[in-house]
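The file protein.cif contains mmCIF, C-alpha atoms:
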data_target
#
loop_
_atom_site.label_atom_id
_atom_site.label_comp_id
_atom_site.auth_asym_id
_atom_site.auth_seq_id
_atom_site.Cartn_x
_atom_site.Cartn_y
_atom_site.Cartn_z
CA MET A 1 124.80 138.30 110.49
CA GLY A 2 124.79 141.96 109.49
CA ALA A 3 124.66 142.94 113.15
CA LEU A 4 127.73 140.85 113.90
CA ALA A 5 129.68 142.28 110.98
CA THR A 6 128.81 145.80 112.11
CA ALA A 7 129.85 145.01 115.66
CA PHE A 8 133.25 143.76 114.54
CA SER A 9 133.90 146.57 112.09
CA CYS A 10 133.16 149.21 114.74
CA ASN A 11 135.54 147.80 117.35
CA SER A 12 139.20 148.63 116.86
CA THR A 13 140.28 146.06 119.47
CA VAL A 14 139.26 143.14 117.23
CA ARG A 15 142.06 141.87 115.02
CA VAL A 16 141.11 142.28 111.37
CA GLY A 17 142.12 138.76 110.43
CA LYS A 18 139.81 137.23 113.03
CA ALA A 19 136.56 138.94 112.03
CA PRO A 20 135.53 136.70 109.07
CA ASP A 21 136.35 133.53 111.02
CA ALA A 22 134.39 134.65 114.05
CA THR A 23 131.45 135.63 111.86
CA GLY A 24 131.31 132.17 110.33
CA LYS A 25 131.60 130.54 113.75
CA PHE A 26 128.79 132.72 115.03
CA ALA A 27 126.45 131.47 112.29
CA VAL A 28 127.21 127.83 113.14
CA LEU A 29 127.11 128.12 116.92
CA THR A 30 123.96 130.21 117.30
CA GLU A 31 122.13 127.71 115.07
CA ALA A 32 123.51 124.84 117.16
CA ALA A 33 122.23 126.46 120.40
CA LYS A 34 118.57 126.73 119.43
CA TYR A 35 117.53 123.35 120.89
CA ASP A 36 118.52 124.32 124.44
CA VAL A 37 115.41 125.96 125.96
CA SER A 38 116.77 126.46 129.48
CA CYS A 39 117.94 130.02 128.85
CA ALA A 40 114.95 132.01 130.08
CA SER A 41 115.57 133.55 133.46
CA SER A 42 113.87 135.05 136.44
CA GLY A 43 116.69 137.56 136.55
CA SER A 44 119.02 138.77 139.24
CA ASN A 45 119.51 142.02 141.09
CA ALA A 46 123.07 141.19 142.12
CA GLN A 47 125.28 144.27 142.24
CA ARG A 48 128.70 143.45 140.82
CA LYS A 49 131.38 145.46 142.60
CA GLY A 50 133.44 147.48 140.12
CA ALA A 51 131.05 146.83 137.20
CA ARG A 52 131.49 149.42 134.46
CA THR A 53 129.53 147.89 131.59
CA GLY A 54 125.89 146.76 131.91
CA ASN A 55 123.77 145.94 134.91
CA CYS A 56 121.27 143.28 135.91
CA SER A 57 117.54 143.90 135.84
CA LEU A 58 114.93 142.74 138.34
CA GLY A 59 112.67 142.08 135.36
CA GLY A 60 115.05 139.35 134.19
CA ILE A 61 117.18 138.85 131.11
CA CYS A 62 115.70 136.34 128.73
CA HIS A 63 114.69 135.87 125.14
CA SER A 64 111.06 136.51 125.90
CA TRP A 65 108.51 139.25 126.57
CA SER A 66 108.32 141.35 129.71
CA ALA A 67 105.07 142.27 131.45
CA ASP A 68 105.04 145.67 129.72
CA GLY A 69 105.48 144.11 126.28
CA ARG A 70 109.22 144.68 125.85
CA CYS A 71 111.28 142.03 124.11
CA ILE A 72 114.14 141.14 126.44
CA SER A 73 117.01 139.77 124.40
CA LEU A 74 119.88 137.54 125.40
CA LEU A 75 122.71 136.22 123.26
CA LYS A 76 122.23 132.46 123.15
CA VAL A 77 125.23 130.67 121.71
CA LEU A 78 127.39 127.60 122.09
CA PHE A 79 131.09 128.01 122.72
CA SER A 80 131.60 124.87 120.61
CA ASN A 81 129.50 122.26 118.83
CA ASP A 82 132.41 119.86 118.31
CA CYS A 83 131.03 117.24 120.71
CA ILE A 84 132.81 114.07 121.82
CA PHE A 85 129.48 112.47 122.78
CA ASP A 86 127.04 110.70 120.45
CA CYS A 87 123.60 111.22 122.03
CA ALA A 88 120.85 109.87 119.75
CA PHE A 89 118.56 112.93 119.96
CA CYS A 90 121.18 115.70 119.66
CA VAL A 91 121.95 117.54 116.43
CA ASN A 92 125.53 118.15 117.61
CA ARG A 93 126.33 114.49 118.24
CA ARG A 94 129.74 113.26 117.13
CA SER A 95 128.50 111.03 114.28
CA ASN A 96 126.58 113.82 112.50
CA ASP A 97 128.18 115.32 109.39
CA ILE A 98 127.58 119.00 110.18
CA PRO A 99 129.75 122.14 110.19
CA ARG A 100 131.82 122.32 113.38
CA ALA A 101 133.20 125.38 115.11
CA THR A 102 134.77 126.43 118.38
CA PHE A 103 135.24 130.00 119.58
CA THR A 104 138.32 131.26 121.31
CA VAL A 105 137.78 132.94 124.66
CA GLU A 106 138.75 136.28 123.14
CA GLU A 107 136.24 135.90 120.29
CA MET A 108 133.39 135.07 122.65
CA VAL A 109 134.18 138.02 124.92
CA ASP A 110 134.47 140.45 121.99
CA ILE A 111 131.17 139.32 120.47
CA THR A 112 129.33 139.68 123.78
CA LEU A 113 130.68 143.16 124.48
CA ASN A 114 130.12 144.37 120.91
CA PHE A 115 126.52 143.18 120.92
CA TYR A 116 125.86 144.57 124.38
CA THR A 117 127.30 148.04 123.79
CA ARG A 118 125.15 148.35 120.65
CA ASN A 119 122.04 147.38 122.59
CA TYR A 120 121.47 144.19 120.61
CA ILE A 121 121.39 142.12 123.80
CA GLU A 122 120.98 142.49 127.55
CA GLY A 123 122.98 139.47 128.62
CA LEU A 124 124.60 136.19 127.62
CA PHE A 125 123.51 132.56 127.80
CA LEU A 126 126.67 130.53 127.23
CA SER A 127 126.54 126.79 126.73
CA SER A 128 128.70 124.32 124.88
CA ALA A 129 128.97 120.83 123.51
CA ILE A 130 131.67 118.88 125.32
CA PHE A 131 134.85 119.23 123.28
CA GLY A 132 138.09 117.57 124.35
CA SER A 133 136.91 116.80 127.88
CA PRO A 134 134.43 118.13 130.45
CA ASN A 135 137.20 120.02 132.24
CA ARG A 136 138.53 121.64 129.07
CA THR A 137 135.02 122.72 128.13
CA MET A 138 134.16 124.10 131.58
CA GLU A 139 137.51 125.89 131.83
CA SER A 140 136.75 127.73 128.57
CA LEU A 141 133.31 128.84 129.78
CA VAL A 142 134.76 130.01 133.09
CA ARG A 143 137.49 131.99 131.35
CA VAL A 144 134.87 133.79 129.25
CA ALA A 145 132.97 134.70 132.40
CA GLU A 146 136.14 135.82 134.17
CA GLU A 147 137.22 137.99 131.25
CA LEU A 148 133.81 139.64 131.08
CA ARG A 149 133.49 140.25 134.82
CA THR A 150 137.02 141.07 135.94
CA VAL A 151 138.77 142.49 132.87
CA HIS A 152 135.87 144.36 131.22
CA GLY A 153 133.73 145.05 134.31
CA PHE A 154 130.65 143.49 132.70
CA GLY A 155 127.71 143.71 135.11
CA GLY A 156 125.01 142.40 132.76
CA TYR A 157 123.16 139.11 133.07
CA LEU A 158 125.25 135.98 132.65
CA HIS A 159 123.89 132.42 132.44
CA VAL A 160 126.55 129.71 132.19
CA LYS A 161 126.08 126.01 131.54
CA ALA A 162 127.69 123.77 134.15
CA ILE A 163 129.24 120.79 132.39
CA PRO A 164 128.59 117.34 133.95
CA GLY A 165 131.83 115.61 134.88
CA ALA A 166 133.79 118.85 135.27
CA ASP A 167 135.96 119.50 138.33
CA PRO A 168 133.89 120.94 141.22
CA VAL A 169 136.47 123.74 141.51
CA LEU A 170 135.53 124.93 138.02
CA ILE A 171 131.80 124.77 138.86
CA ALA A 172 132.48 126.86 141.97
CA ARG A 173 134.39 129.47 139.94
CA ALA A 174 131.51 129.68 137.48
CA GLY A 175 128.96 130.16 140.26
CA ARG A 176 130.84 133.13 141.68
CA LEU A 177 130.70 134.85 138.29
CA ALA A 178 127.36 133.86 136.76
CA ASP A 179 123.86 134.99 137.70
CA ARG A 180 122.45 131.57 136.87
CA LEU A 181 123.88 128.12 136.25
CA SER A 182 122.14 125.21 134.55
CA VAL A 183 122.84 121.49 134.23
CA ASN A 184 120.69 119.73 131.65
CA ILE A 185 119.36 116.30 132.66
CA GLU A 186 117.84 115.85 129.17
CA LEU A 187 116.14 112.46 129.83
CA PRO A 188 113.76 111.61 132.68
CA THR A 189 115.09 108.18 133.69
CA GLU A 190 118.45 106.43 133.93
CA ARG A 191 117.18 103.72 131.61
CA SER A 192 116.49 106.23 128.83
CA LEU A 193 119.81 107.94 129.49
CA ASN A 194 121.64 104.61 129.04
CA LEU A 195 119.75 103.94 125.81
CA LEU A 196 119.91 107.34 124.11
CA ALA A 197 122.99 108.92 125.71
CA PRO A 198 125.13 105.97 126.83
CA GLN A 199 128.26 108.09 127.37
CA LYS A 200 126.50 110.16 130.05
CA ARG A 201 126.02 109.05 133.64
CA LYS A 202 123.24 109.97 136.02
CA GLU A 203 125.56 110.76 138.93
CA LEU A 204 127.81 112.95 136.79
CA ILE A 205 124.71 115.07 136.04
CA LEU A 206 123.33 115.13 139.58
CA ASN A 207 126.64 115.88 141.32
CA PRO A 208 127.03 119.44 139.95
CA MET A 209 123.32 120.08 140.56
CA ARG A 210 123.81 119.05 144.18
CA GLN A 211 126.94 121.21 144.49
CA ILE A 212 125.23 124.26 143.00
CA GLY A 213 122.13 123.83 145.16
CA GLN A 214 124.20 123.65 148.34
CA ALA A 215 126.36 126.62 147.35
CA VAL A 216 123.33 128.77 146.51
CA ALA A 217 121.69 127.93 149.86
CA GLU A 218 124.91 128.70 151.74
CA SER A 219 125.31 132.00 149.89
CA ILE A 220 121.77 133.06 150.77
CA ASP A 221 122.34 132.17 154.43
CA GLU A 222 125.67 134.02 154.57
CA ARG A 223 124.23 137.15 152.99
CA LYS A 224 121.49 137.22 155.62
CA ARG A 225 124.23 137.55 158.24
CA TYR A 226 126.83 139.53 156.28
CA ARG A 227 125.71 141.92 153.57
CA SER A 228 129.20 141.94 152.08
CA ALA A 229 129.29 138.14 151.63
CA PRO A 230 129.95 137.10 148.01
CA VAL A 231 127.04 135.94 145.88
CA PHE A 232 126.84 132.53 144.23
CA ALA A 233 124.53 132.16 141.22
CA PRO A 234 121.98 134.61 142.71
CA ALA A 235 119.35 133.65 140.11
CA GLY A 236 119.72 129.97 141.04
CA GLN A 237 119.93 127.01 138.70
CA SER A 238 117.71 125.42 136.06
CA THR A 239 117.62 122.30 133.89
CA GLN A 240 116.02 120.94 130.73
CA LEU A 241 114.09 117.74 130.01
CA VAL A 242 113.51 116.50 126.47
CA ILE A 243 109.90 115.31 126.20
CA GLY A 244 108.89 112.53 123.82
CA ALA A 245 112.30 111.14 122.84
CA SER A 246 111.79 108.41 125.44
CA PRO A 247 108.62 106.60 126.61
CA GLU A 248 108.16 108.04 130.12
CA ARG A 249 104.66 109.07 131.16
CA ASP A 250 103.84 112.55 132.42
CA CYS A 251 103.68 111.33 136.02
CA GLN A 252 107.30 110.11 135.85
CA ILE A 253 108.47 113.39 134.35
CA LEU A 254 106.70 115.53 136.93
CA ARG A 255 107.85 113.36 139.84
CA LEU A 256 111.42 113.96 138.71
CA SER A 257 110.77 117.70 138.50
CA GLU A 258 109.21 117.75 141.96
CA SER A 259 112.22 115.88 143.35
CA LEU A 260 114.64 118.33 141.72
CA TYR A 261 112.81 121.32 143.20
CA ASP A 262 112.83 119.71 146.65
CA ARG A 263 116.37 118.29 146.68
CA PHE A 264 118.38 120.90 144.80
CA GLY A 265 116.29 124.05 145.07
CA LEU A 266 115.99 124.50 141.30
CA LYS A 267 114.37 127.68 140.09
CA ARG A 268 112.97 126.16 136.94
CA VAL A 269 112.66 122.93 134.98
CA TYR A 270 112.24 123.51 131.25
CA TYR A 271 110.39 121.03 129.04
CA SER A 272 111.46 120.75 125.41
CA ALA A 273 109.32 118.73 123.02
CA TYR A 274 111.47 116.26 121.09
CA VAL A 275 112.36 117.44 117.59
CA PRO A 276 113.60 114.80 115.10
CA VAL A 277 116.99 116.01 113.90
CA ASN A 278 118.61 112.57 113.51
CA ASP A 279 117.74 109.28 111.82
CA ASP A 280 118.19 106.77 114.64
CA SER A 281 116.29 103.54 115.30
CA ARG A 282 116.37 104.21 119.05
CA LEU A 283 114.17 107.28 118.61
CA PRO A 284 110.35 107.27 118.29
CA ALA A 285 108.79 107.35 114.86
CA THR A 286 106.11 109.84 115.90
CA LEU A 287 106.38 113.30 117.42
CA PRO A 288 104.86 114.16 120.79
CA PRO A 289 101.93 116.59 120.51
CA MET A 290 103.05 120.17 121.15
CA GLN A 291 100.16 120.48 123.59
CA ARG A 292 101.92 118.01 125.86
CA GLU A 293 104.81 120.40 126.44
CA HIS A 294 102.33 123.16 127.21
CA ARG A 295 100.39 121.00 129.70
CA LEU A 296 103.61 120.00 131.47
CA TYR A 297 104.50 123.66 131.94
CA GLN A 298 101.04 124.28 133.41
CA ALA A 299 101.41 121.35 135.81
CA ASP A 300 104.89 122.53 136.76
CA TRP A 301 103.40 125.94 137.58
CA LEU A 302 100.92 124.25 139.92
CA LEU A 303 103.77 122.47 141.71
CA ARG A 304 105.80 125.64 142.19
CA PHE A 305 103.16 128.24 143.02
CA TYR A 306 99.82 126.60 143.85
CA GLY A 307 100.76 124.06 146.52
CA PHE A 308 99.95 120.98 144.44
CA HIS A 309 101.87 117.70 144.56
CA VAL A 310 102.32 115.37 141.61
CA ASP A 311 100.34 112.57 143.24
CA GLU A 312 97.33 114.87 143.42
CA LEU A 313 97.46 115.71 139.72
CA LEU A 314 98.35 112.27 138.34
CA ASP A 315 98.13 108.68 139.54
CA ASP A 316 98.14 105.12 138.21
CA ALA A 317 94.65 105.60 136.78
CA HIS A 318 95.62 108.94 135.20
CA PRO A 319 99.37 108.75 134.36
CA ASP A 320 99.21 111.50 131.73
CA ILE A 321 97.77 115.01 131.72
CA GLU A 322 94.59 115.35 129.71
CA GLU A 323 95.28 117.00 126.39
CA ALA A 324 91.87 118.69 126.23
CA LEU A 325 91.91 120.24 129.72
CA ASP A 326 94.51 122.12 131.71
CA PRO A 327 95.74 120.06 134.71
CA LYS A 328 94.04 122.24 137.33
CA THR A 329 90.62 121.93 135.70
CA SER A 330 91.16 118.22 135.18
CA TRP A 331 92.00 117.79 138.88
CA ALA A 332 88.97 119.83 139.97
CA LEU A 333 86.56 117.75 137.88
CA ARG A 334 88.00 114.54 139.38
CA HIS A 335 87.41 115.88 142.92
CA PRO A 336 83.79 117.05 142.94
CA GLU A 337 83.69 116.78 146.75
CA ARG A 338 85.91 119.90 146.96
CA PHE A 339 83.50 122.09 145.00
CA PRO A 340 81.80 124.47 144.67
CA VAL A 341 83.90 126.86 146.76
CA GLU A 342 82.22 129.85 148.44
CA VAL A 343 84.49 132.75 147.54
CA ASN A 344 83.33 134.88 150.48
CA ARG A 345 84.39 132.30 153.07
CA ALA A 346 86.98 129.91 151.61
CA ASP A 347 90.56 130.18 152.83
CA TYR A 348 93.43 131.17 150.55
CA GLU A 349 94.57 127.59 149.87
CA ALA A 350 91.06 126.53 148.81
CA LEU A 351 90.78 129.53 146.49
CA LEU A 352 94.07 128.60 144.81
CA ARG A 353 92.55 125.25 143.85
CA VAL A 354 89.75 126.88 141.85
CA PRO A 355 90.33 126.88 138.07
CA GLY A 356 90.46 130.46 136.83
CA ILE A 357 91.72 131.88 140.13
CA GLY A 358 95.43 132.62 140.15
CA VAL A 359 97.81 133.57 142.93
CA ARG A 360 97.21 137.30 142.62
CA SER A 361 93.45 137.05 142.27
CA ALA A 362 93.27 134.75 145.32
CA GLN A 363 95.25 137.30 147.33
CA ARG A 364 92.95 140.09 146.13
CA ILE A 365 89.84 138.11 147.05
CA VAL A 366 91.08 137.56 150.59
CA ALA A 367 91.93 141.26 150.93
CA ALA A 368 88.75 142.64 149.31
CA ARG A 369 86.20 140.56 151.21
CA ARG A 370 87.37 142.07 154.51
CA PHE A 371 85.42 145.18 153.51
CA SER A 372 82.43 143.85 151.54
CA ARG A 373 80.87 140.71 150.14
CA LEU A 374 82.02 139.85 146.65
CA ASP A 375 79.76 139.26 143.67
CA VAL A 376 80.50 138.15 140.11
CA ASP A 377 81.26 141.66 138.88
CA ALA A 378 83.72 142.19 141.74
CA LEU A 379 85.47 138.92 140.90
CA ARG A 380 85.87 139.98 137.28
CA ARG A 381 87.38 143.31 138.37
CA ILE A 382 89.79 141.45 140.65
CA GLY A 383 91.03 139.39 137.71
CA VAL A 384 89.26 136.04 138.11
CA VAL A 385 88.76 134.24 134.79
CA MET A 386 85.03 133.69 135.15
CA LYS A 387 84.83 131.65 131.96
CA ARG A 388 86.39 128.80 133.98
CA ALA A 389 85.86 129.76 137.60
CA ARG A 390 82.06 130.04 137.34
CA PHE A 391 81.71 126.25 137.24
CA PHE A 392 83.49 125.82 140.57
CA ILE A 393 82.34 128.67 142.85
CA THR A 394 79.38 130.16 144.66
CA CYS A 395 78.92 133.83 145.54
CA GLY A 396 76.80 134.42 148.62
CA GLY A 397 75.53 130.85 148.41
CA ARG A 398 74.45 131.09 144.76
CA TYR A 399 76.05 128.73 142.25
CA VAL A 400 77.36 130.96 139.47
CA ALA A 401 77.09 128.53 136.52
CA GLY A 402 73.45 127.50 136.99
CA ARG A 403 71.11 125.85 139.45
CA ARG A 404 73.44 123.30 141.02
CA TRP A 405 76.96 121.89 140.94
CA ASP A 406 77.12 119.01 138.46
CA PRO A 407 80.68 117.92 137.55
CA VAL A 408 79.53 115.87 134.56
CA GLN A 409 77.65 118.80 133.06
CA ALA A 410 80.52 121.14 133.98
CA ARG A 411 82.93 118.98 131.99
CA ARG A 412 80.63 119.04 128.97
CA ASP A 413 80.22 122.82 129.14
CA ILE A 414 83.94 123.47 129.60
CA LEU A 415 84.88 121.21 126.67
CA ALA A 416 82.21 122.83 124.50
CA GLY A 417 83.60 126.26 125.37
CA ILE A 418 87.12 125.13 124.46
CA ALA A 419 85.91 123.76 121.13
CA ASP A 420 84.26 127.08 120.30
CA ALA A 421 87.20 129.24 121.46
CA PRO A 422 90.07 130.40 119.20
CA LYS A 423 92.98 127.95 119.20
CA GLN A 424 95.39 129.86 121.43
CA LEU A 425 97.43 128.64 124.41
CA GLU A 426 96.66 130.40 127.68
CA LEU A 427 99.82 129.80 129.71
CA ALA A 428 99.88 133.37 131.02
CA LEU A 429 96.31 133.30 132.36
CA PRO A 430 95.45 132.19 135.91
CA LEU A 431 95.13 128.42 136.01
#

Structure re-expressed in structure tokens:
Amino acid sequence: MGALATAFSCNSTVRVGKAPDATGKFAVLTEAAKYDVSCASSGSNAQRKGARTGNCSLGGICHSWSADGRCISLLKVLFSNDCIFDCAFCVNRRSNDIPRATFTVEEMVDITLNFYTRNYIEGLFLSSAIFGSPNRTMESLVRVAEELRTVHGFGGYLHVKAIPGADPVLIARAGRLADRLSVNIELPTERSLNLLAPQKRKELILNPMRQIGQAVAESIDERKRYRSAPVFAPAGQSTQLVIGASPERDCQILRLSESLYDRFGLKRVYYSAYVPVNDDSRLPATLPPMQREHRLYQADWLLRFYGFHVDELLDDAHPDIEEALDPKTSWALRHPERFPVEVNRADYEALLRVPGIGVRSAQRIVAARRFSRLDVDALRRIGVVMKRARFFITCGGRYVAGRRWDPVQARRDILAGIADAPKQLELALPL
């Protein structure tokens, strides 16, 4: 709050009478935004013609950590939390007795520019509860983006929420201004949507996703032919799924994600573990384990970068990801006929299936073995996580983990190693 007060007091263009009101709104609306996790971004290198303030970074603008350890910050705020909907799982639902606030377009623009010019943030993630109507809400978000881009020449990162049910013309205007758009599905099935968010409709959510996906693909195609063609959401679109508020199994959730990637070209599906913020009989009495969210992210990574399909990872006999093992290791142990893999001969796709070998290390293996045979020390230098990979590979015909490949013993040894290891998630390590 001190940062916001400083930002207002240092800007002579802000009307004095508005500063206290905007400060109070800021406190309410940043708190209300914290349950939306779909704000991280892969970034955009779009060059905004005439931009005078800020620029996009290839490293991405997100509230996270960059590869070199920098904290990349992004202002994450709702335009309003005065929602007309009454979704069971949402803190901002209409029936909740909570403080309500709605920014004006001018307030939102001033806050963003004040924070940016003082290096508090590197971009803006702007979402909103639906106040008045979907069109009124989307029009407000678009006006903020237009003011930033065209009036103030803001070239920094801009992520805008596309509101289901809004006029496609408004969605199109937003896409020409924002680096990324997102439409939150929230619940994995139409049945759960009807139960927990009865005022929302599946098609009203999917229609803007379809429109954005088509527009992004067309923009990419046009820019291949004409370098001066306008960009449309160059960092693509994303969505969020709430995990554990409804009874769907992991296989249902991941099949939906796979379909969204295939049909609409989504860049990212975010998984948010259900947090009980309301007392509602329609909601589960127990919380989902936090490890479940982590495992879903790992499985999603396999779908996007490792060539896996959902039906390989999960099936009727295994509808949920094992909590004790990451999904790649779990798959490998259920398919002993595929292992061990000889690292000096296996093709790139086979190497990607080995637990502990990531995309980069698989590429390095293929490149390095053109010049010499690889041993265990060479694999470690390349970046292979031998703690896991050793159970699934041979080097020069020698099984690395012992005398012979035994999937039952491998499972015991891996689980014993996990039990002895510090309790720390390893999402950033090669799967």

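Proximity ranking of A:Arg364, A:Leu287, A:Tyr306, A:Arg390 relative to A:Leu352 places A:Tyr306 first, based on all atoms listed in the file.
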
As a check of understanding, name the residues that the PyMOL selection byres ((chain A and resi 148) around 12) selects in the supplied structure, as a VMD selection string. chain A and resid 48 50 to 54 105 to 114 116 123 to 124 141 to 147 149 to 158 177 to 178

Write the selection just made, keeping C-alpha atoms, as a PDB file, in the coordinates of the input?
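Final output, result03.pdb:
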ATOM      1  CA  ARG A  48     128.700 143.450 140.820  1.00  0.00           C
ATOM      2  CA  GLY A  50     133.440 147.480 140.120  1.00  0.00           C
ATOM      3  CA  ALA A  51     131.050 146.830 137.200  1.00  0.00           C
ATOM      4  CA  ARG A  52     131.490 149.420 134.460  1.00  0.00           C
ATOM      5  CA  THR A  53     129.530 147.890 131.590  1.00  0.00           C
ATOM      6  CA  GLY A  54     125.890 146.760 131.910  1.00  0.00           C
ATOM      7  CA  VAL A 105     137.780 132.940 124.660  1.00  0.00           C
ATOM      8  CA  GLU A 106     138.750 136.280 123.140  1.00  0.00           C
ATOM      9  CA  GLU A 107     136.240 135.900 120.290  1.00  0.00           C
ATOM     10  CA  MET A 108     133.390 135.070 122.650  1.00  0.00           C
ATOM     11  CA  VAL A 109     134.180 138.020 124.920  1.00  0.00           C
ATOM     12  CA  ASP A 110     134.470 140.450 121.990  1.00  0.00           C
ATOM     13  CA  ILE A 111     131.170 139.320 120.470  1.00  0.00           C
ATOM     14  CA  THR A 112     129.330 139.680 123.780  1.00  0.00           C
ATOM     15  CA  LEU A 113     130.680 143.160 124.480  1.00  0.00           C
ATOM     16  CA  ASN A 114     130.120 144.370 120.910  1.00  0.00           C
ATOM     17  CA  TYR A 116     125.860 144.570 124.380  1.00  0.00           C
ATOM     18  CA  GLY A 123     122.980 139.470 128.620  1.00  0.00           C
ATOM     19  CA  LEU A 124     124.600 136.190 127.620  1.00  0.00           C
ATOM     20  CA  LEU A 141     133.310 128.840 129.780  1.00  0.00           C
ATOM     21  CA  VAL A 142     134.760 130.010 133.090  1.00  0.00           C
ATOM     22  CA  ARG A 143     137.490 131.990 131.350  1.00  0.00           C
ATOM     23  CA  VAL A 144     134.870 133.790 129.250  1.00  0.00           C
ATOM     24  CA  ALA A 145     132.970 134.700 132.400  1.00  0.00           C
ATOM     25  CA  GLU A 146     136.140 135.820 134.170  1.00  0.00           C
ATOM     26  CA  GLU A 147     137.220 137.990 131.250  1.00  0.00           C
ATOM     27  CA  ARG A 149     133.490 140.250 134.820  1.00  0.00           C
ATOM     28  CA  THR A 150     137.020 141.070 135.940  1.00  0.00           C
ATOM     29  CA  VAL A 151     138.770 142.490 132.870  1.00  0.00           C
ATOM     30  CA  HIS A 152     135.870 144.360 131.220  1.00  0.00           C
ATOM     31  CA  GLY A 153     133.730 145.050 134.310  1.00  0.00           C
ATOM     32  CA  PHE A 154     130.650 143.490 132.700  1.00  0.00           C
ATOM     33  CA  GLY A 155     127.710 143.710 135.110  1.00  0.00           C
ATOM     34  CA  GLY A 156     125.010 142.400 132.760  1.00  0.00           C
ATOM     35  CA  TYR A 157     123.160 139.110 133.070  1.00  0.00           C
ATOM     36  CA  LEU A 158     125.250 135.980 132.650  1.00  0.00           C
ATOM     37  CA  LEU A 177     130.700 134.850 138.290  1.00  0.00           C
ATOM     38  CA  ALA A 178     127.360 133.860 136.760  1.00  0.00           C
TER      39      ALA A 178
END

Kindly resolve the PyMOL selection byres ((chain A and resi 218) around 12) on the present coordinates and return the residues as a VMD selection string. chain A and resid 211 to 217 219 to 226 229 to 234 236 265

Same residues, C-alpha atoms, saved as a short mmCIF file (atom, residue, chain, number, x, y, z; two decimals), keeping the file's coordinate frame:
data_model
loop_
_atom_site.label_atom_id
_atom_site.label_comp_id
_atom_site.auth_asym_id
_atom_site.auth_seq_id
_atom_site.Cartn_x
_atom_site.Cartn_y
_atom_site.Cartn_z
CA GLN A 211 126.94 121.21 144.49
CA ILE A 212 125.23 124.26 143.00
CA GLY A 213 122.13 123.83 145.16
CA GLN A 214 124.20 123.65 148.34
CA ALA A 215 126.36 126.62 147.35
CA VAL A 216 123.33 128.77 146.51
CA ALA A 217 121.69 127.93 149.86
CA SER A 219 125.31 132.00 149.89
CA ILE A 220 121.77 133.06 150.77
CA ASP A 221 122.34 132.17 154.43
CA GLU A 222 125.67 134.02 154.57
CA ARG A 223 124.23 137.15 152.99
CA LYS A 224 121.49 137.22 155.62
CA ARG A 225 124.23 137.55 158.24
CA TYR A 226 126.83 139.53 156.28
CA ALA A 229 129.29 138.14 151.63
CA PRO A 230 129.95 137.10 148.01
CA VAL A 231 127.04 135.94 145.88
CA PHE A 232 126.84 132.53 144.23
CA ALA A 233 124.53 132.16 141.22
CA PRO A 234 121.98 134.61 142.71
CA GLY A 236 119.72 129.97 141.04
CA GLY A 265 116.29 124.05 145.07
#

Could you give me, as CSV, a per-residue list for stretch 255-335 of chain A showing, wherever an atom lies at most 9 Å from an atom of stretch 242-249 of chain A, the closest pair of atoms and their distance in Å to one decimal, using all atoms listed in the file and sorting by chain then residue number from low to high?
residue,atom,partner,partner_atom,distance
A:Tyr270,CA,A:Val242,CA,8.6
A:Tyr271,CA,A:Val242,CA,6.1
A:Ser272,CA,A:Val242,CA,4.8
A:Ala273,CA,A:Ile243,CA,4.7
A:Tyr274,CA,A:Gly244,CA,5.3
A:Val275,CA,A:Ala245,CA,8.2
A:Pro276,CA,A:Ala245,CA,8.7
A:Arg282,CA,A:Ala245,CA,8.9
A:Leu283,CA,A:Ala245,CA,6.0
A:Pro284,CA,A:Ala245,CA,6.3
A:Thr286,CA,A:Gly244,CA,8.8
A:Leu287,CA,A:Gly244,CA,6.9
A:Pro288,CA,A:Gly244,CA,5.3
A:Pro289,CA,A:Gly244,CA,8.7
A:Arg292,CA,A:Ile243,CA,8.4
A:Glu293,CA,A:Ile243,CA,7.2
A:Pro319,CA,A:Arg249,CA,6.2
A:Asp320,CA,A:Arg249,CA,6.0

Long-range neighbours of stretch 365-373 of chain A as a list in words, 10 Å cut-off, all atoms listed in the file, 5 positions minimum in chain: Val343, Asn344, Arg345, Ala346, Asp347, Tyr348, Leu351, Ile357, Arg360, Ala378, Leu379, Ile382, Gly383, Val384, Cys395 and Gly396 of chain A

Okay, now the selection with C-alpha atoms, as a PDB file, in the frame of the given file?
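result_22.pdb was written with the following content:
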ATOM      1  CA  VAL A 343      84.490 132.750 147.540  1.00  0.00           C
ATOM      2  CA  ASN A 344      83.330 134.880 150.480  1.00  0.00           C
ATOM      3  CA  ARG A 345      84.390 132.300 153.070  1.00  0.00           C
ATOM      4  CA  ALA A 346      86.980 129.910 151.610  1.00  0.00           C
ATOM      5  CA  ASP A 347      90.560 130.180 152.830  1.00  0.00           C
ATOM      6  CA  TYR A 348      93.430 131.170 150.550  1.00  0.00           C
ATOM      7  CA  LEU A 351      90.780 129.530 146.490  1.00  0.00           C
ATOM      8  CA  ILE A 357      91.720 131.880 140.130  1.00  0.00           C
ATOM      9  CA  ARG A 360      97.210 137.300 142.620  1.00  0.00           C
ATOM     10  CA  ALA A 378      83.720 142.190 141.740  1.00  0.00           C
ATOM     11  CA  LEU A 379      85.470 138.920 140.900  1.00  0.00           C
ATOM     12  CA  ILE A 382      89.790 141.450 140.650  1.00  0.00           C
ATOM     13  CA  GLY A 383      91.030 139.390 137.710  1.00  0.00           C
ATOM     14  CA  VAL A 384      89.260 136.040 138.110  1.00  0.00           C
ATOM     15  CA  CYS A 395      78.920 133.830 145.540  1.00  0.00           C
ATOM     16  CA  GLY A 396      76.800 134.420 148.620  1.00  0.00           C
TER      17      GLY A 396
END
